[in-house]
file protein_5.txt (compact mmCIF, C-alpha atoms)
# COMPACT_ATOMS: atom_id res chain seq x y z
CA MET A 22 -33.47 18.13 25.58
CA LYS A 23 -35.85 15.60 24.10
CA LEU A 24 -36.49 12.18 25.62
CA ARG A 25 -35.25 10.36 22.52
CA GLU A 26 -31.82 12.02 22.99
CA LEU A 27 -31.43 10.67 26.53
CA PRO A 28 -30.00 7.22 25.60
CA ALA A 29 -27.21 8.80 23.51
CA ILE A 30 -26.34 11.22 26.30
CA LEU A 31 -26.31 8.38 28.83
CA VAL A 32 -23.98 6.28 26.63
CA LEU A 33 -21.66 9.27 26.28
CA ALA A 34 -21.68 9.91 30.04
CA VAL A 35 -21.04 6.24 30.87
CA SER A 36 -18.21 6.13 28.30
CA PHE A 37 -16.56 9.22 29.80
CA LEU A 38 -16.96 7.81 33.33
CA PHE A 39 -15.46 4.46 32.29
CA LEU A 40 -12.51 6.09 30.52
CA TRP A 41 -11.94 8.46 33.43
CA LEU A 42 -11.79 5.57 35.88
CA LYS A 43 -9.90 3.00 33.77
CA VAL A 44 -7.52 4.96 31.53
CA PRO A 45 -4.70 6.85 33.22
CA GLY A 46 -4.18 10.25 31.67
CA PHE A 47 -7.61 10.41 30.02
CA TRP A 48 -8.13 13.94 31.33
CA SER A 49 -4.58 15.03 30.48
CA ALA A 50 -4.22 18.16 28.36
CA ASP A 51 -2.55 16.23 25.52
CA ASN A 52 -5.31 13.64 25.34
CA LEU A 53 -8.11 16.21 25.51
CA GLN A 54 -6.43 18.19 22.74
CA GLN A 55 -6.24 15.01 20.62
CA VAL A 56 -9.91 14.27 21.31
CA GLY A 57 -10.80 17.86 20.37
CA GLN A 58 -8.79 17.62 17.15
CA GLN A 59 -10.41 14.35 16.07
CA THR A 60 -13.87 15.54 17.09
CA GLY A 61 -13.43 18.69 15.05
CA LEU A 62 -12.21 16.92 11.92
CA LEU A 63 -14.95 14.29 11.99
CA GLY A 64 -17.57 16.82 13.04
CA ILE A 65 -16.85 19.10 10.08
CA MET A 66 -17.46 16.20 7.69
CA ALA A 67 -20.54 15.14 9.68
CA LEU A 68 -22.07 18.61 9.25
CA GLY A 69 -22.08 18.19 5.47
CA GLU A 70 -23.42 14.67 5.79
CA ALA A 71 -26.16 15.91 8.13
CA LEU A 72 -27.44 18.26 5.42
CA VAL A 73 -27.67 15.32 3.02
CA VAL A 74 -29.48 13.16 5.58
CA LEU A 75 -31.92 15.99 6.37
CA THR A 76 -33.04 15.91 2.75
CA GLY A 77 -33.72 12.18 3.01
CA GLY A 78 -30.53 11.14 1.24
CA ILE A 79 -27.33 9.35 2.15
CA ASP A 80 -23.73 9.96 1.10
CA LEU A 81 -21.22 7.16 1.49
CA SER A 82 -18.52 9.05 -0.39
CA VAL A 83 -17.98 11.92 2.06
CA GLY A 84 -14.55 10.60 3.16
CA ALA A 85 -13.44 9.95 -0.41
CA VAL A 86 -14.52 13.46 -1.46
CA ALA A 87 -12.52 14.85 1.46
CA ALA A 88 -9.52 12.80 0.26
CA VAL A 89 -9.82 14.22 -3.27
CA ALA A 90 -10.09 17.74 -1.83
CA GLY A 91 -7.02 17.17 0.33
CA CYS A 92 -5.15 15.67 -2.61
CA ALA A 93 -5.95 18.69 -4.80
CA ALA A 94 -4.81 21.11 -2.09
CA GLY A 95 -1.66 19.09 -1.33
CA TRP A 96 -0.78 18.84 -5.01
CA ARG A 97 -1.04 22.64 -5.39
CA MET A 98 1.12 23.25 -2.32
CA HIS A 99 3.74 20.79 -3.56
CA SER A 100 3.76 22.61 -6.89
CA GLY A 101 4.86 25.76 -5.07
CA GLY A 102 1.49 27.46 -4.72
CA SER A 103 0.25 29.53 -1.83
CA TRP A 104 -1.46 27.51 0.90
CA ILE A 105 -4.43 29.89 0.78
CA VAL A 106 -4.91 29.30 -2.96
CA ALA A 107 -4.35 25.58 -2.41
CA THR A 108 -7.05 25.55 0.28
CA ALA A 109 -9.45 27.26 -2.11
CA ILE A 110 -8.61 24.67 -4.78
CA GLY A 111 -9.28 21.89 -2.27
CA LEU A 112 -12.66 23.41 -1.34
CA VAL A 113 -13.58 23.71 -5.02
CA ALA A 114 -12.53 20.09 -5.63
CA GLY A 115 -14.73 18.97 -2.73
CA ALA A 116 -17.64 21.04 -4.06
CA ILE A 117 -17.21 19.48 -7.50
CA GLY A 118 -17.26 16.00 -5.93
CA GLY A 119 -20.47 16.87 -4.11
CA TRP A 120 -21.96 18.38 -7.26
CA ILE A 121 -21.19 15.20 -9.22
CA ASN A 122 -23.04 13.15 -6.60
CA GLY A 123 -25.94 15.58 -6.52
CA ALA A 124 -26.22 15.75 -10.30
CA LEU A 125 -26.19 11.97 -10.68
CA ILE A 126 -28.86 11.60 -8.00
CA THR A 127 -31.19 14.47 -8.95
CA LEU A 128 -30.75 14.73 -12.71
CA ARG A 129 -30.24 11.06 -13.56
CA LYS A 130 -32.58 9.85 -10.76
CA LEU A 131 -30.05 7.29 -9.53
CA PRO A 132 -30.40 5.82 -6.01
CA PRO A 133 -28.25 7.84 -3.55
CA ILE A 134 -26.74 4.81 -1.81
CA LEU A 135 -25.56 3.20 -5.07
CA THR A 136 -24.42 6.48 -6.58
CA THR A 137 -22.34 7.49 -3.60
CA LEU A 138 -20.94 3.98 -3.22
CA ALA A 139 -19.76 4.14 -6.84
CA THR A 140 -18.30 7.64 -6.46
CA LEU A 141 -16.62 6.58 -3.21
CA LEU A 142 -14.69 3.96 -5.18
CA LEU A 143 -14.05 6.38 -8.06
CA PHE A 144 -12.79 9.22 -5.85
CA ARG A 145 -10.61 6.86 -3.80
CA ALA A 146 -9.09 5.47 -6.99
CA ILE A 147 -8.41 8.99 -8.29
CA THR A 148 -6.73 9.91 -5.00
CA ASN A 149 -4.59 6.76 -4.92
CA ILE A 150 -3.52 7.14 -8.55
CA ALA A 151 -2.76 10.86 -8.19
CA THR A 152 -0.65 10.41 -5.07
CA GLY A 153 0.76 6.95 -5.73
CA ALA A 154 -0.86 6.10 -2.35
CA ILE A 155 1.81 8.24 -0.65
CA PRO A 156 0.56 11.01 1.67
CA TYR A 157 1.58 14.64 1.29
CA ASN A 158 3.60 15.38 4.43
CA ASP A 159 5.75 18.37 3.54
CA LEU A 160 3.09 21.07 3.85
CA PRO A 161 3.45 24.72 4.94
CA GLU A 162 3.23 25.32 8.70
CA PRO A 163 0.28 27.78 8.50
CA PHE A 164 -1.73 25.12 6.65
CA LYS A 165 -0.77 22.41 9.14
CA LYS A 166 -2.01 24.62 11.99
CA LEU A 167 -5.54 24.40 10.57
CA GLY A 168 -5.63 20.67 11.33
CA ILE A 169 -3.76 20.34 14.62
CA GLY A 170 -4.57 21.10 18.22
CA ASN A 171 -7.99 22.48 18.98
CA THR A 172 -8.23 24.52 15.77
CA PRO A 173 -10.45 21.92 14.02
CA LEU A 174 -12.75 21.91 17.07
CA TYR A 175 -13.07 25.71 16.97
CA ILE A 176 -13.81 25.60 13.23
CA PHE A 177 -16.39 22.85 13.87
CA VAL A 178 -18.13 24.92 16.57
CA ILE A 179 -18.26 27.98 14.29
CA LEU A 180 -19.62 25.92 11.39
CA THR A 181 -22.16 24.24 13.69
CA VAL A 182 -23.48 27.60 14.89
CA LEU A 183 -23.63 28.79 11.28
CA GLY A 184 -25.45 25.58 10.27
CA ILE A 185 -27.99 25.92 13.08
CA TRP A 186 -28.67 29.50 12.05
CA LEU A 187 -28.96 28.44 8.40
CA LEU A 188 -31.50 25.72 9.19
CA ALA A 189 -33.52 27.79 11.67
CA ARG A 190 -33.50 31.25 10.10
CA ALA A 191 -32.51 31.18 6.45
CA ARG A 192 -34.95 30.45 3.66
CA PHE A 193 -32.56 27.88 2.20
CA GLY A 194 -32.42 26.00 5.51
CA ARG A 195 -36.19 25.87 5.89
CA HIS A 196 -36.49 24.64 2.30
CA LEU A 197 -33.86 21.98 3.00
CA LEU A 198 -35.80 20.74 6.03
CA ALA A 199 -39.05 20.75 4.06
CA THR A 200 -37.43 18.68 1.32
CA GLY A 201 -36.40 16.05 3.85
CA GLY A 202 -39.95 15.90 5.22
CA SER A 203 -41.53 15.49 1.81
CA GLU A 204 -39.88 16.26 -1.50
CA GLN A 205 -43.23 16.69 -3.22
CA SER A 206 -44.55 19.12 -0.58
CA ALA A 207 -41.39 21.23 -0.63

call {"tool": "encode", "arguments": {"input": "protein_5.txt", "output": "structure tokens"}}
result
Amino acid sequence: MKLRELPAILVLAVSFLFLWLKVPGFWSADNLQQVGQQTGLLGIMALGEALVVLTGGIDLSVGAVAAVAGCAAGWRMHSGGSWIVATAIGLVAGAIGGWINGALITLRKLPPILTTLATLLLFRAITNIATGAIPYNDLPEPFKKLGIGNTPLYIFVILTVLGIWLLARARFGRHLLATGGSEQSA
């Protein structure tokens, strides 16, 4: 542990202590499962954002891209498609959203903060128009199980371990870190 990480760990410890003392049921199984679920869902998105930040960039549209991906998957499932195919379609939609951001920033040399702010608004508008601002609720049970309970936390832990390995051992990861240090040197 590095000294600069100590304040964040202390804030976390004080927060847990405060909640433990002041909130009845904080350590209940239901609450911990809810915390694990939310941590997993946000953590998965944060992993992608961390890769962008490591390269010296910023992405404000990560939530909107996730909404477009979810919308694409939900649309396919509502059209009678397999949830596995729908999940793949959602992942491809998310990758396309990320590619659009990356292409605008690297090929057109647009500032990342302005580009991702604009695509945030664009992707949110697409999602709202496509769904009529009404969420997809009637989804297959196997698909729902991916996002409830501790499943998102388990997926987050697996992806985190994979990401650490990628950054520490893979050529791509080392190149990514070098780019964040100095794009010209990389």

call {"tool": "residues_around", "arguments": {"input": "protein_5.txt", "residues": "Val74 of chain A", "least_positions_apart": "4", "cutoff": "12 Å", "atoms": "only C-alpha atoms", "output": "PyMOL selection string"}}
result
chain A and resi 67-70+78-81+133-134+197-198+200-202

call {"tool": "atom_distance", "arguments": {"input": "protein_5.txt", "atom1": "atom CA of Thr108 of chain A", "atom2": "atom CA of Ile121 of chain A"}}
result
19.9 Å

call {"tool": "atom_distance", "arguments": {"input": "protein_5.txt", "atom1": "atom CA of Thr127 of chain A", "atom2": "atom CA of Gly84 of chain A"}}
result
20.9 Å

call {"tool": "residues_around", "arguments": {"input": "protein_5.txt", "residues": "Gly111 of chain A", "least_positions_apart": "4", "cutoff": "12 Å", "atoms": "all atoms listed in the file", "output": "JSON, numbers by chain"}}
result
{"A": [86, 87, 88, 89, 90, 91, 92, 93, 94, 95, 96, 97, 98, 104, 105, 106, 107, 115, 116, 117, 118]}

call {"tool": "atom_distance", "arguments": {"input": "protein_5.txt", "atom1": "atom CA of His99 of chain A", "atom2": "atom CA of Tyr157 of chain A"}}
result
8.1 Å

call {"tool": "residues_near_point", "arguments": {"input": "protein_5.txt", "point": "(-12.2, 22.1, 16.0)", "cutoff": "12 Å", "atoms": "only C-alpha atoms", "output": "number ranges by chain"}}
result
A: 53-66, 166-181
